[in-house]
file protein_1.csv (CSV, C-alpha atoms)
chain,number,residue,atom,x,y,z
A,767,MET,CA,30.1,4.9,-9.8
A,768,SER,CA,28.2,1.6,-9.4
A,769,SER,CA,25.2,3.1,-11.3
A,770,ALA,CA,27.2,3.4,-14.5
A,771,VAL,CA,26.8,0.9,-17.4
A,772,GLU,CA,28.7,-2.3,-16.9
A,773,GLY,CA,30.2,-3.8,-20.0
A,774,ASP,CA,30.8,-0.5,-21.9
A,775,SER,CA,32.6,-2.3,-24.7
A,776,LEU,CA,29.3,-3.7,-25.7
A,777,ARG,CA,27.5,-0.3,-26.0
A,778,ALA,CA,25.5,0.5,-29.1
A,779,GLY,CA,27.4,2.2,-31.9
A,780,ASN,CA,30.5,0.0,-32.0
A,781,SER,CA,29.4,-1.4,-35.3
A,782,LYS,CA,27.4,0.1,-38.1
A,783,SER,CA,25.6,-3.2,-38.6
A,784,GLN,CA,24.9,-3.6,-34.9
A,785,ILE,CA,21.3,-3.4,-33.7
A,786,SER,CA,20.6,-1.6,-30.4
A,787,THR,CA,17.4,-1.9,-28.4
A,788,PRO,CA,16.5,-0.2,-25.1
A,789,PHE,CA,14.5,-2.2,-22.6
A,790,VAL,CA,13.2,-0.3,-19.6
A,791,ILE,CA,12.2,-2.0,-16.4
A,792,GLY,CA,10.3,0.1,-13.8
A,793,ILE,CA,10.4,-1.1,-10.2
A,794,SER,CA,8.1,0.6,-7.7
A,795,GLY,CA,6.2,0.1,-4.5
A,796,CYS,CA,5.9,1.4,-1.0
A,797,SER,CA,9.0,2.6,0.9
A,798,SER,CA,11.0,-0.4,2.1
A,799,SER,CA,9.4,-2.9,-0.3
A,800,GLY,CA,12.8,-3.9,-1.7
A,801,LYS,CA,12.9,-1.9,-4.9
A,802,THR,CA,16.6,-0.9,-5.0
A,803,THR,CA,17.7,-4.2,-3.6
A,804,LEU,CA,15.9,-6.1,-6.4
A,805,ALA,CA,17.2,-3.6,-9.0
A,806,ARG,CA,20.8,-4.3,-7.9
A,807,PHE,CA,20.4,-8.1,-8.1
A,808,LEU,CA,18.8,-7.9,-11.6
A,809,ARG,CA,21.8,-5.8,-12.6
A,810,GLN,CA,24.2,-8.6,-11.4
A,811,ILE,CA,22.3,-11.2,-13.3
A,812,PHE,CA,21.8,-9.4,-16.6
A,813,SER,CA,24.9,-7.2,-16.9
A,814,GLY,CA,27.4,-8.5,-19.4
A,815,LEU,CA,25.1,-11.4,-20.3
A,816,THR,CA,25.6,-12.8,-23.8
A,817,VAL,CA,23.1,-15.2,-25.5
A,818,PRO,CA,23.7,-17.1,-28.7
A,819,THR,CA,20.7,-16.8,-31.1
A,820,SER,CA,22.0,-19.2,-33.8
A,821,LEU,CA,24.8,-21.7,-34.1
A,822,VAL,CA,27.0,-22.9,-37.0
A,823,GLY,CA,29.0,-26.1,-37.5
A,824,SER,CA,27.3,-28.4,-35.1
A,825,GLU,CA,24.2,-29.2,-33.1
A,826,SER,CA,26.4,-29.2,-30.0
A,827,PRO,CA,26.7,-25.7,-28.5
A,828,THR,CA,30.0,-26.6,-26.8
A,829,ALA,CA,31.5,-27.6,-30.2
A,830,ALA,CA,29.9,-25.1,-32.4
A,831,GLY,CA,30.4,-21.3,-32.5
A,832,PRO,CA,27.5,-18.8,-32.3
A,833,ALA,CA,26.7,-17.4,-35.7
A,834,THR,CA,24.8,-14.5,-34.0
A,835,TYR,CA,24.3,-13.5,-30.4
A,836,ILE,CA,22.7,-10.8,-28.2
A,837,ALA,CA,24.6,-9.0,-25.6
A,838,PHE,CA,23.1,-7.1,-22.6
A,839,THR,CA,24.2,-4.0,-20.8
A,840,VAL,CA,22.5,-2.7,-17.7
A,841,THR,CA,22.1,0.9,-16.3
A,842,LEU,CA,20.4,1.8,-13.0
A,843,LEU,CA,18.5,5.0,-12.7
A,844,HIS,CA,17.4,5.8,-9.1
A,845,GLN,CA,14.5,8.2,-8.6
A,846,ASP,CA,16.0,9.1,-5.2
A,847,ASP,CA,18.8,11.0,-7.1
A,848,PHE,CA,16.1,13.5,-8.4
A,849,PHE,CA,14.7,14.7,-5.1
A,850,LEU,CA,14.4,18.4,-4.8
A,851,PRO,CA,16.5,20.1,-2.1
A,852,GLU,CA,15.0,19.8,1.4
A,853,SER,CA,14.5,23.6,1.5
A,854,ALA,CA,12.1,23.3,-1.5
A,855,LEU,CA,9.8,20.8,0.2
A,856,PRO,CA,6.7,21.6,2.1
A,857,VAL,CA,6.4,21.3,5.9
A,858,ARG,CA,3.3,19.5,7.0
A,859,SER,CA,1.5,19.9,10.3
A,860,VAL,CA,0.7,16.4,11.5
A,861,VAL,CA,-0.4,14.5,14.5
A,862,VAL,CA,2.0,11.6,15.2
A,863,ARG,CA,1.1,8.6,17.3
A,864,PHE,CA,3.8,6.6,19.1
A,865,LYS,CA,4.5,4.6,22.2
A,866,ASP,CA,6.2,6.6,24.9
A,867,GLN,CA,9.5,4.8,25.8
A,868,THR,CA,9.2,5.7,29.4
A,869,THR,CA,5.6,4.9,30.2
A,870,GLY,CA,4.9,2.4,27.4
A,871,LEU,CA,1.6,4.2,26.7
A,872,GLU,CA,0.3,5.3,23.3
A,873,THR,CA,0.6,9.0,23.0
A,874,GLU,CA,-0.1,11.8,20.4
A,875,GLU,CA,2.0,14.8,19.6
A,876,LYS,CA,1.5,17.6,17.0
A,877,MET,CA,4.6,18.1,14.9
A,878,LYS,CA,5.8,19.9,11.8
A,879,VAL,CA,7.7,17.6,9.4
A,880,VAL,CA,9.2,17.8,5.9
A,881,ASP,CA,7.2,15.8,3.4
A,882,TRP,CA,9.5,13.7,1.1
A,883,ASP,CA,6.8,11.3,0.1
A,884,PHE,CA,4.6,12.9,-2.5
A,885,PRO,CA,5.1,13.5,-6.3
A,886,GLY,CA,6.1,17.1,-5.9
A,887,ALA,CA,9.2,16.1,-4.0
A,888,VAL,CA,10.8,14.8,-7.2
A,889,ASP,CA,12.0,16.8,-10.2
A,890,PHE,CA,10.0,14.8,-12.7
A,891,VAL,CA,11.0,17.0,-15.7
A,892,LYS,CA,14.7,16.2,-15.1
A,893,PHE,CA,13.9,12.5,-14.2
A,894,LYS,CA,11.9,11.8,-17.3
A,895,LYS,CA,14.5,13.6,-19.4
A,896,ALA,CA,17.3,11.4,-18.0
A,897,LEU,CA,15.2,8.3,-18.8
A,898,GLN,CA,14.5,9.4,-22.3
A,899,MET,CA,18.2,10.2,-22.9
A,900,LEU,CA,19.1,6.7,-21.7
A,901,ARG,CA,16.5,5.2,-24.0
A,902,ASP,CA,18.1,7.2,-26.9
A,903,GLY,CA,21.4,5.5,-26.2
A,904,ILE,CA,23.2,8.4,-24.5
A,905,PRO,CA,25.8,7.0,-22.0
A,906,TYR,CA,24.9,7.2,-18.3
A,907,GLY,CA,27.9,9.3,-17.4
A,908,GLU,CA,27.0,11.9,-20.1
A,909,VAL,CA,23.4,12.0,-18.9
A,910,ILE,CA,24.2,12.8,-15.3
A,911,GLY,CA,26.8,15.3,-16.4
A,912,LYS,CA,24.5,17.2,-18.6
A,913,LEU,CA,21.6,17.2,-16.1
A,914,GLY,CA,23.8,17.9,-13.1
A,915,ILE,CA,22.6,14.8,-11.2
A,916,GLN,CA,24.2,14.2,-7.8
A,917,GLU,CA,24.4,10.4,-7.2
A,918,THR,CA,23.8,8.9,-3.8
A,919,GLU,CA,23.8,5.2,-4.6
A,920,ASP,CA,27.2,4.4,-3.3
A,921,LEU,CA,26.4,6.0,0.0
A,922,HIS,CA,23.1,4.2,0.2
A,923,LEU,CA,24.8,0.9,-0.6
A,924,LEU,CA,27.3,1.3,2.2
A,925,LEU,CA,24.5,2.1,4.6
A,926,GLN,CA,22.5,-0.9,3.5
A,927,LEU,CA,25.5,-3.2,3.8
A,928,ASP,CA,26.0,-1.9,7.4
A,929,GLU,CA,22.3,-2.5,8.2
A,930,ASN,CA,22.4,-6.0,6.6
A,931,GLU,CA,25.5,-6.9,8.7
A,932,GLU,CA,23.6,-5.9,11.8
A,933,GLY,CA,20.7,-8.1,10.8
A,934,ILE,CA,23.0,-11.0,10.2
A,935,GLN,CA,24.6,-10.5,13.7
A,936,GLU,CA,21.2,-10.4,15.3
A,937,GLY,CA,19.5,-13.3,13.5
A,938,GLY,CA,22.2,-15.2,11.7
A,939,ALA,CA,22.8,-15.3,7.9
A,940,LYS,CA,19.5,-17.2,7.3
A,941,GLY,CA,17.7,-14.4,9.1
A,942,ASN,CA,18.8,-11.9,6.5
A,943,ARG,CA,15.9,-11.9,4.1
A,944,ARG,CA,17.6,-9.5,1.7
A,945,ALA,CA,20.5,-11.9,1.1
A,946,VAL,CA,20.8,-13.9,-2.1
A,947,SER,CA,23.8,-16.3,-2.4
A,948,GLU,CA,26.3,-16.2,-5.2
A,949,ASP,CA,25.3,-19.7,-6.1
A,950,ALA,CA,21.7,-18.7,-6.4
A,951,LEU,CA,22.6,-15.7,-8.6
A,952,LYS,CA,24.7,-17.9,-10.8
A,953,ARG,CA,21.9,-20.4,-11.1
A,954,MET,CA,19.4,-17.7,-12.1
A,955,ARG,CA,21.8,-16.2,-14.6
A,956,ASN,CA,22.2,-19.7,-16.3
A,957,GLU,CA,18.4,-20.1,-16.3
A,958,VAL,CA,18.0,-16.7,-18.0
A,959,VAL,CA,20.4,-17.7,-20.7
A,960,ALA,CA,18.7,-21.1,-21.2
A,961,ARG,CA,15.2,-19.5,-21.4
A,962,LEU,CA,16.4,-16.9,-23.9
A,963,MET,CA,18.1,-19.6,-26.0
A,964,ILE,CA,14.9,-21.7,-26.0
A,965,ALA,CA,13.0,-18.6,-27.3
A,966,GLY,CA,15.6,-18.4,-30.1
A,967,GLY,CA,15.0,-22.0,-31.0
A,968,ILE,CA,18.4,-23.4,-30.1
A,969,GLY,CA,17.7,-24.6,-26.5
A,970,THR,CA,15.5,-27.4,-25.3
A,971,SER,CA,15.5,-27.3,-21.5
A,972,VAL,CA,16.0,-25.1,-18.5
A,973,GLY,CA,18.2,-26.1,-15.5
A,974,GLU,CA,21.7,-26.5,-14.3
A,975,ASN,CA,22.9,-29.0,-16.9
A,976,ASP,CA,26.2,-29.2,-18.8
A,977,ASN,CA,24.7,-27.7,-22.0
A,978,ASN,CA,23.5,-24.5,-20.2
A,979,LYS,CA,26.8,-24.1,-18.6
A,980,GLY,CA,28.4,-24.6,-22.0
A,981,HIS,CA,26.3,-21.8,-23.5
A,982,VAL,CA,27.4,-19.3,-20.9
A,983,GLN,CA,31.1,-20.3,-21.1
A,984,LEU,CA,31.1,-20.3,-24.9
A,985,SER,CA,29.7,-16.9,-25.2
A,986,SER,CA,32.1,-15.5,-22.7
A,987,LEU,CA,35.0,-16.9,-24.7
A,988,ASP,CA,33.7,-15.3,-27.9
A,989,LEU,CA,33.5,-12.0,-26.2
A,990,ALA,CA,37.1,-12.3,-25.1
A,991,SER,CA,38.2,-13.0,-28.7
A,992,GLY,CA,36.7,-9.6,-29.7
A,993,VAL,CA,33.7,-10.8,-31.7
A,994,GLU,CA,31.0,-8.2,-31.7
A,995,PRO,CA,27.4,-9.0,-31.0
A,996,GLN,CA,24.9,-8.4,-33.7
A,997,HIS,CA,22.4,-7.1,-31.2
A,998,VAL,CA,22.8,-5.1,-28.0
A,999,VAL,CA,20.0,-4.8,-25.5
A,1000,ASN,CA,20.5,-1.9,-23.2
A,1001,ILE,CA,18.5,-2.7,-20.1
A,1002,ILE,CA,17.6,0.4,-18.1
A,1003,ILE,CA,16.3,-0.3,-14.6
A,1004,VAL,CA,14.4,2.5,-12.9
A,1005,ASP,CA,13.5,2.2,-9.3
A,1006,GLY,CA,11.4,4.7,-7.3
A,1007,PHE,CA,8.6,5.1,-4.8
A,1008,MET,CA,6.6,7.3,-7.2
A,1009,LEU,CA,6.5,5.8,-10.7
A,1010,TYR,CA,2.8,4.9,-11.1
A,1011,HIS,CA,1.0,7.8,-9.5
A,1012,PRO,CA,-1.7,9.7,-11.4
A,1013,GLU,CA,0.3,12.1,-13.5
A,1014,GLU,CA,-0.4,15.7,-14.6
A,1015,PRO,CA,1.1,16.8,-17.9
A,1016,GLU,CA,4.5,18.4,-17.3
A,1017,LEU,CA,6.0,21.1,-19.4
A,1018,THR,CA,9.5,20.5,-20.6
A,1019,GLY,CA,10.4,24.1,-21.4
A,1020,ASP,CA,11.2,23.1,-25.0
A,1021,ILE,CA,9.4,24.6,-27.9
A,1022,ASN,CA,8.0,22.4,-30.7
A,1023,SER,CA,7.9,23.2,-34.4
A,1024,GLU,CA,4.5,24.9,-34.0
A,1025,GLY,CA,5.8,27.2,-31.3
A,1026,SER,CA,4.0,25.5,-28.4
A,1027,ILE,CA,5.7,24.4,-25.2
A,1028,GLN,CA,6.1,20.6,-25.3
A,1029,THR,CA,4.8,18.3,-22.6
A,1030,GLN,CA,6.7,15.2,-21.4
A,1031,PRO,CA,5.4,11.7,-22.0
A,1032,SER,CA,3.9,9.8,-19.1
A,1033,LEU,CA,6.3,7.6,-17.2
A,1034,ILE,CA,4.4,4.4,-17.9
A,1035,SER,CA,4.7,5.1,-21.6
A,1036,LEU,CA,8.5,4.9,-21.2
A,1037,LEU,CA,8.5,1.5,-19.5
A,1038,ASP,CA,8.6,-1.8,-21.2
A,1039,LEU,CA,8.1,-3.8,-18.0
A,1040,PRO,CA,6.5,-1.9,-15.1
A,1041,ILE,CA,6.9,-4.0,-11.9
A,1042,LEU,CA,5.0,-3.3,-8.7
A,1043,LEU,CA,6.2,-4.8,-5.4
A,1044,ARG,CA,3.6,-5.4,-2.8
A,1045,THR,CA,4.1,-5.2,1.0
A,1046,THR,CA,1.9,-5.0,4.0
A,1047,TYR,CA,1.5,-2.0,6.3
A,1048,ALA,CA,3.2,-4.0,9.2
A,1049,VAL,CA,6.2,-5.2,7.1
A,1050,ALA,CA,6.8,-1.8,5.5
A,1051,LYS,CA,6.5,0.0,8.9
A,1052,HIS,CA,9.0,-2.4,10.6
A,1053,ARG,CA,11.5,-2.1,7.7
A,1054,ARG,CA,11.3,1.7,7.5
A,1055,GLU,CA,11.6,2.3,11.2
A,1056,SER,CA,14.5,-0.1,11.3
A,1057,ARG,CA,16.5,2.0,8.9
A,1058,LYS,CA,19.1,4.5,10.1
A,1059,GLY,CA,18.1,7.1,7.5
A,1060,TYR,CA,18.7,8.3,4.0
A,1061,PHE,CA,21.5,10.2,2.2
A,1062,THR,CA,20.1,13.2,0.4
A,1063,ALA,CA,21.7,16.0,-1.7
A,1064,ASP,CA,21.7,18.1,1.4
A,1065,GLY,CA,23.1,15.6,3.8
A,1066,PHE,CA,21.5,12.8,5.9
A,1067,TRP,CA,17.8,12.5,6.7
A,1068,GLU,CA,16.4,10.6,9.7
A,1069,ASP,CA,12.7,10.0,10.0
A,1070,PRO,CA,11.2,11.9,13.0
A,1071,LYS,CA,9.2,9.7,15.3
A,1072,GLY,CA,5.8,8.7,13.9
A,1073,TYR,CA,6.8,9.7,10.3
A,1074,PHE,CA,5.8,6.4,8.7
A,1075,ASP,CA,2.2,6.6,10.0
A,1076,ALA,CA,1.9,10.3,9.5
A,1077,ILE,CA,3.4,10.7,6.0
A,1078,VAL,CA,4.8,7.5,4.3
A,1079,TRP,CA,2.0,5.1,4.5
A,1080,PRO,CA,-0.9,7.6,3.9
A,1081,SER,CA,1.0,8.9,0.8
A,1082,TYR,CA,1.5,5.4,-0.6
A,1083,VAL,CA,-2.2,4.7,-0.2
A,1084,LYS,CA,-3.2,8.0,-1.7
A,1085,TYR,CA,-1.1,7.8,-4.8
A,1086,TYR,CA,-1.2,4.0,-5.5
A,1087,GLN,CA,-4.7,2.9,-4.5
A,1088,HIS,CA,-6.0,3.5,-8.0
A,1089,LEU,CA,-3.8,0.5,-9.2
A,1090,PHE,CA,-5.6,-2.0,-6.9
A,1091,VAL,CA,-9.0,-3.6,-7.0
A,1092,ASP,CA,-11.3,-1.7,-4.7
A,1093,GLY,CA,-8.4,0.6,-3.9
A,1094,ASP,CA,-7.1,-1.8,-1.3
A,1095,VAL,CA,-3.2,-1.7,-1.5
A,1096,GLU,CA,-3.0,-4.8,0.7
A,1097,SER,CA,-5.6,-6.8,-1.1
A,1098,ALA,CA,-4.9,-10.2,-2.7
A,1099,GLU,CA,-7.3,-9.3,-5.5
A,1100,GLY,CA,-4.5,-7.7,-7.5
A,1101,LEU,CA,-4.4,-4.9,-10.1
A,1102,VAL,CA,-7.3,-3.3,-11.9
A,1103,ASP,CA,-7.6,-4.2,-15.5
A,1104,GLU,CA,-6.5,-0.8,-16.7
A,1105,TRP,CA,-3.0,-1.3,-15.3
A,1106,GLY,CA,-2.6,-5.1,-15.5
A,1107,GLU,CA,-1.7,-7.4,-18.4
A,1108,ARG,CA,-5.2,-8.3,-19.6
A,1109,GLY,CA,-6.6,-6.8,-22.7
A,1110,ASN,CA,-5.6,-3.2,-23.2
A,1111,GLY,CA,-4.0,-2.9,-19.8
A,1112,LYS,CA,-0.7,-1.0,-19.3
A,1113,GLY,CA,1.2,-4.2,-18.8
A,1114,MET,CA,2.1,-3.9,-15.2
A,1115,VAL,CA,3.1,-7.1,-13.3
A,1116,LEU,CA,2.4,-7.3,-9.5
A,1117,GLN,CA,4.5,-9.3,-7.1
A,1118,PRO,CA,2.5,-12.4,-6.2
A,1119,ALA,CA,1.0,-12.4,-2.7
A,1120,ASN,CA,2.2,-15.9,-2.0
A,1121,LEU,CA,5.8,-15.1,-3.0
A,1122,GLY,CA,6.9,-14.6,0.6
A,1123,GLU,CA,9.3,-12.0,2.0
A,1124,THR,CA,12.6,-13.5,0.9
A,1125,MET,CA,14.6,-11.6,-1.7
A,1126,GLU,CA,15.7,-14.8,-3.5
A,1127,GLY,CA,12.2,-15.7,-4.4
A,1128,MET,CA,11.5,-12.1,-5.5
A,1129,VAL,CA,14.6,-12.0,-7.8
A,1130,LYS,CA,13.7,-15.4,-9.4
A,1131,TRP,CA,10.2,-14.3,-10.1
A,1132,ALA,CA,11.4,-10.9,-11.5
A,1133,CYS,CA,13.9,-12.7,-13.8
A,1134,GLU,CA,11.1,-14.9,-15.2
A,1135,ARG,CA,9.0,-11.8,-15.9
A,1136,VAL,CA,11.8,-10.0,-17.5
A,1137,VAL,CA,12.6,-12.9,-19.8
A,1138,GLU,CA,8.9,-13.2,-20.8
A,1139,ARG,CA,8.7,-9.6,-21.8
A,1140,LEU,CA,12.1,-9.5,-23.5
A,1141,THR,CA,11.2,-12.4,-25.7
A,1142,THR,CA,8.0,-10.6,-26.7
A,1143,ARG,CA,9.9,-7.4,-27.4
A,1144,LEU,CA,12.6,-9.1,-29.3
A,1145,GLY,CA,10.4,-11.7,-31.1
A,1146,ASN,CA,11.2,-10.5,-34.6
A,1147,TYR,CA,14.9,-10.8,-34.0
A,1148,TRP,CA,15.1,-14.4,-32.8

call {"tool": "encode", "arguments": {"input": "protein_1.csv", "output": "structure tokens"}}
result
Amino acid sequence: MSSAVEGDSLRAGNSKSQISTPFVIGISGCSSSGKTTLARFLRQIFSGLTVPTSLVGSESPTAAGPATYIAFTVTLLHQDDFFLPESALPVRSVVVRFKDQTTGLETEEKMKVVDWDFPGAVDFVKFKKALQMLRDGIPYGEVIGKLGIQETEDLHLLLQLDENEEGIQEGGAKGNRRAVSEDALKRMRNEVVARLMIAGGIGTSVGENDNNKGHVQLSSLDLASGVEPQHVVNIIIVDGFMLYHPEEPELTGDINSEGSIQTQPSLISLLDLPILLRTTYAVAKHRRESRKGYFTADGFWEDPKGYFDAIVWPSYVKYYQHLFVDGDVESAEGLVDEWGERGNGKGMVLQPANLGETMEGMVKWACERVVERLTTRLGNYW
């Protein structure tokens, strides 16, 4: 499956002297803010990446060999794979507002709809357990097997590709804001390597120059020759609509040494880099209502008319407003200090308001933030 770890030959445990470090990235935001799309592009950029951390024999990286290097593996964990069955979800009585297709007039209708957009719709005990197992170095395939997780990523990817193709046909390739070219991904991958090498003291500039290309090519040749990295960073990317809500302690069912039932750690405590994507009501509504639907463990879900206004947006505001200054999820003021990067904040980074709606700009920004946090986390190793 496409969720599985890419580059399994680099997994921790291949060498007794090999250091292994988990690095968990959380990506959350309102429905249709680009969470899963961003996660997949980050996987393309970081998966299988190798970065020399010291050189021997020459000052020229293309003539020297790396004395040590770091290798990266990437695993995706989708919160959508942990939804409860539809039969276990509550049915809400709501008033939906929509435009009548015949008359063109705004109208109201009372409806009963299934609520997929609140914390109780997700099996958080199983979700956190899966994340903790991945942090502990347990392979993804073993995790989903032990926990009985039914993956839906491949089905979602096919649906997204179909929707993207329709968008291209309607507005041209340039009109597809989710698209990131292969050249752009390659450029960002080279920039990531260059920035990490600078952090290691063996690089001097960032850009598409011959030295940076040499670094990437050199490390790939060394991998092919069977040289093992001294350090493997296992990047785990978690995407979901409900990662940063106010949490209640959840019982694991496990008994500790004192005979008490253990509680699970908070999600934020398991993340090394919590990312929050911002979007406006208008953009989120347009994207959500343009989608065909979602694959679930039970089949295929299509939003009833008015579902975004009745369920999706109110839920996002309710469970995420505590993150924003004055509780305004569309405000340019940003995050409250408790959750941000200042002082004793929880280290969350918020997508800049001036970033625009293109995915390429979002991926570039996210790569820069990942490198910043990685170099801090791995500072003692460089």

call {"tool": "closest_residue", "arguments": {"input": "protein_1.csv", "among": "A:Ser853, A:Thr834, A:Thr1062, A:Gln845", "to": "Ala896 (chain A)", "atoms": "only C-alpha atoms"}}
result
A:Gln845

call {"tool": "atom_distance", "arguments": {"input": "protein_1.csv", "atom1": "CA of Gln916 (chain A)", "atom2": "CA of Pro1012 (chain A)"}}
result
26.5 Å

call {"tool": "residues_around", "arguments": {"input": "protein_1.csv", "residues": "Leu1043 (chain A)", "least_positions_apart": "5", "cutoff": "10 Å", "atoms": "only C-alpha atoms", "output": "PyMOL selection string"}}
result
chain A and resi 793-796+798-801+804+1115-1119+1128

call {"tool": "atom_distance", "arguments": {"input": "protein_1.csv", "atom1": "CA of Ala1076 (chain A)", "atom2": "CA of Val860 (chain A)"}}
result
6.5 Å

call {"tool": "residues_around", "arguments": {"input": "protein_1.csv", "residues": "region 1083-1092 of chain A", "least_positions_apart": "2", "cutoff": "6 Å", "atoms": "all atoms listed in the file", "output": "PDB file with C-alpha atoms, in the frame of the given file"}}
result
ATOM      1  CA  HIS A1011       1.000   7.800  -9.500  1.00  0.00           C
ATOM      2  CA  PRO A1080      -0.900   7.600   3.900  1.00  0.00           C
ATOM      3  CA  SER A1081       1.000   8.900   0.800  1.00  0.00           C
ATOM      4  CA  ASP A1094      -7.100  -1.800  -1.300  1.00  0.00           C
ATOM      5  CA  VAL A1095      -3.200  -1.700  -1.500  1.00  0.00           C
ATOM      6  CA  GLY A1100      -4.500  -7.700  -7.500  1.00  0.00           C
ATOM      7  CA  LEU A1101      -4.400  -4.900 -10.100  1.00  0.00           C
ATOM      8  CA  VAL A1102      -7.300  -3.300 -11.900  1.00  0.00           C
TER       9      VAL A1102
END

call {"tool": "closest_residue", "arguments": {"input": "protein_1.csv", "among": "A:Met1114, A:Ile910, A:Val862, A:Met1008", "to": "Leu1042 (chain A)", "atoms": "all atoms listed in the file"}}
result
A:Met1114

call {"tool": "atom_distance", "arguments": {"input": "protein_1.csv", "atom1": "CA of Val1049 (chain A)", "atom2": "CA of His844 (chain A)"}}
result
22.6 Å

call {"tool": "residues_around", "arguments": {"input": "protein_1.csv", "residues": "Leu843 (chain A)", "least_positions_apart": "6", "cutoff": "8 Å", "atoms": "only C-alpha atoms", "output": "list in words"}}
result
Ser769, Leu897, Ile1002, Ile1003, Val1004 and Asp1005 of chain A

call {"tool": "residues_around", "arguments": {"input": "protein_1.csv", "residues": "Ala1063 (chain A)", "least_positions_apart": "3", "cutoff": "10 Å", "atoms": "all atoms listed in the file", "output": "list in words"}}
result
Asp846, Asp847, Phe848, Phe849, Leu850, Pro851, Glu852, Ile915, Gln916, Glu917, Thr918, Phe1066 and Trp1067 of chain A

call {"tool": "closest_residue", "arguments": {"input": "protein_1.csv", "among": "A:Val999, A:Leu855, A:Ala1098, A:Ile1041", "to": "Arg1135 (chain A)", "atoms": "all atoms listed in the file"}}
result
A:Ile1041

call {"tool": "residues_around", "arguments": {"input": "protein_1.csv", "residues": "Glu1096 (chain A)", "least_positions_apart": "3", "cutoff": "9 Å", "atoms": "only C-alpha atoms", "output": "number ranges by chain"}}
result
A: 1044-1047, 1090, 1093, 1099-1100

call {"tool": "residues_near_point", "arguments": {"input": "protein_1.csv", "point": "(9.6, 7.6, 18.0)", "cutoff": "9 Å", "atoms": "all atoms listed in the file", "output": "MDAnalysis selection string"}}
result
chainID A and resid 863:867 1055 1069:1073

call {"tool": "residues_near_point", "arguments": {"input": "protein_1.csv", "point": "(5.7, 21.3, 8.8)", "cutoff": "9 Å", "atoms": "all atoms listed in the file", "output": "MDAnalysis selection string"}}
result
chainID A and resid 856:860 877:881

call {"tool": "closest_residue", "arguments": {"input": "protein_1.csv", "among": "A:Glu1068, A:Gly903, A:Ala1132, A:Gly1106", "to": "Trp882 (chain A)", "atoms": "all atoms listed in the file"}}
result
A:Glu1068
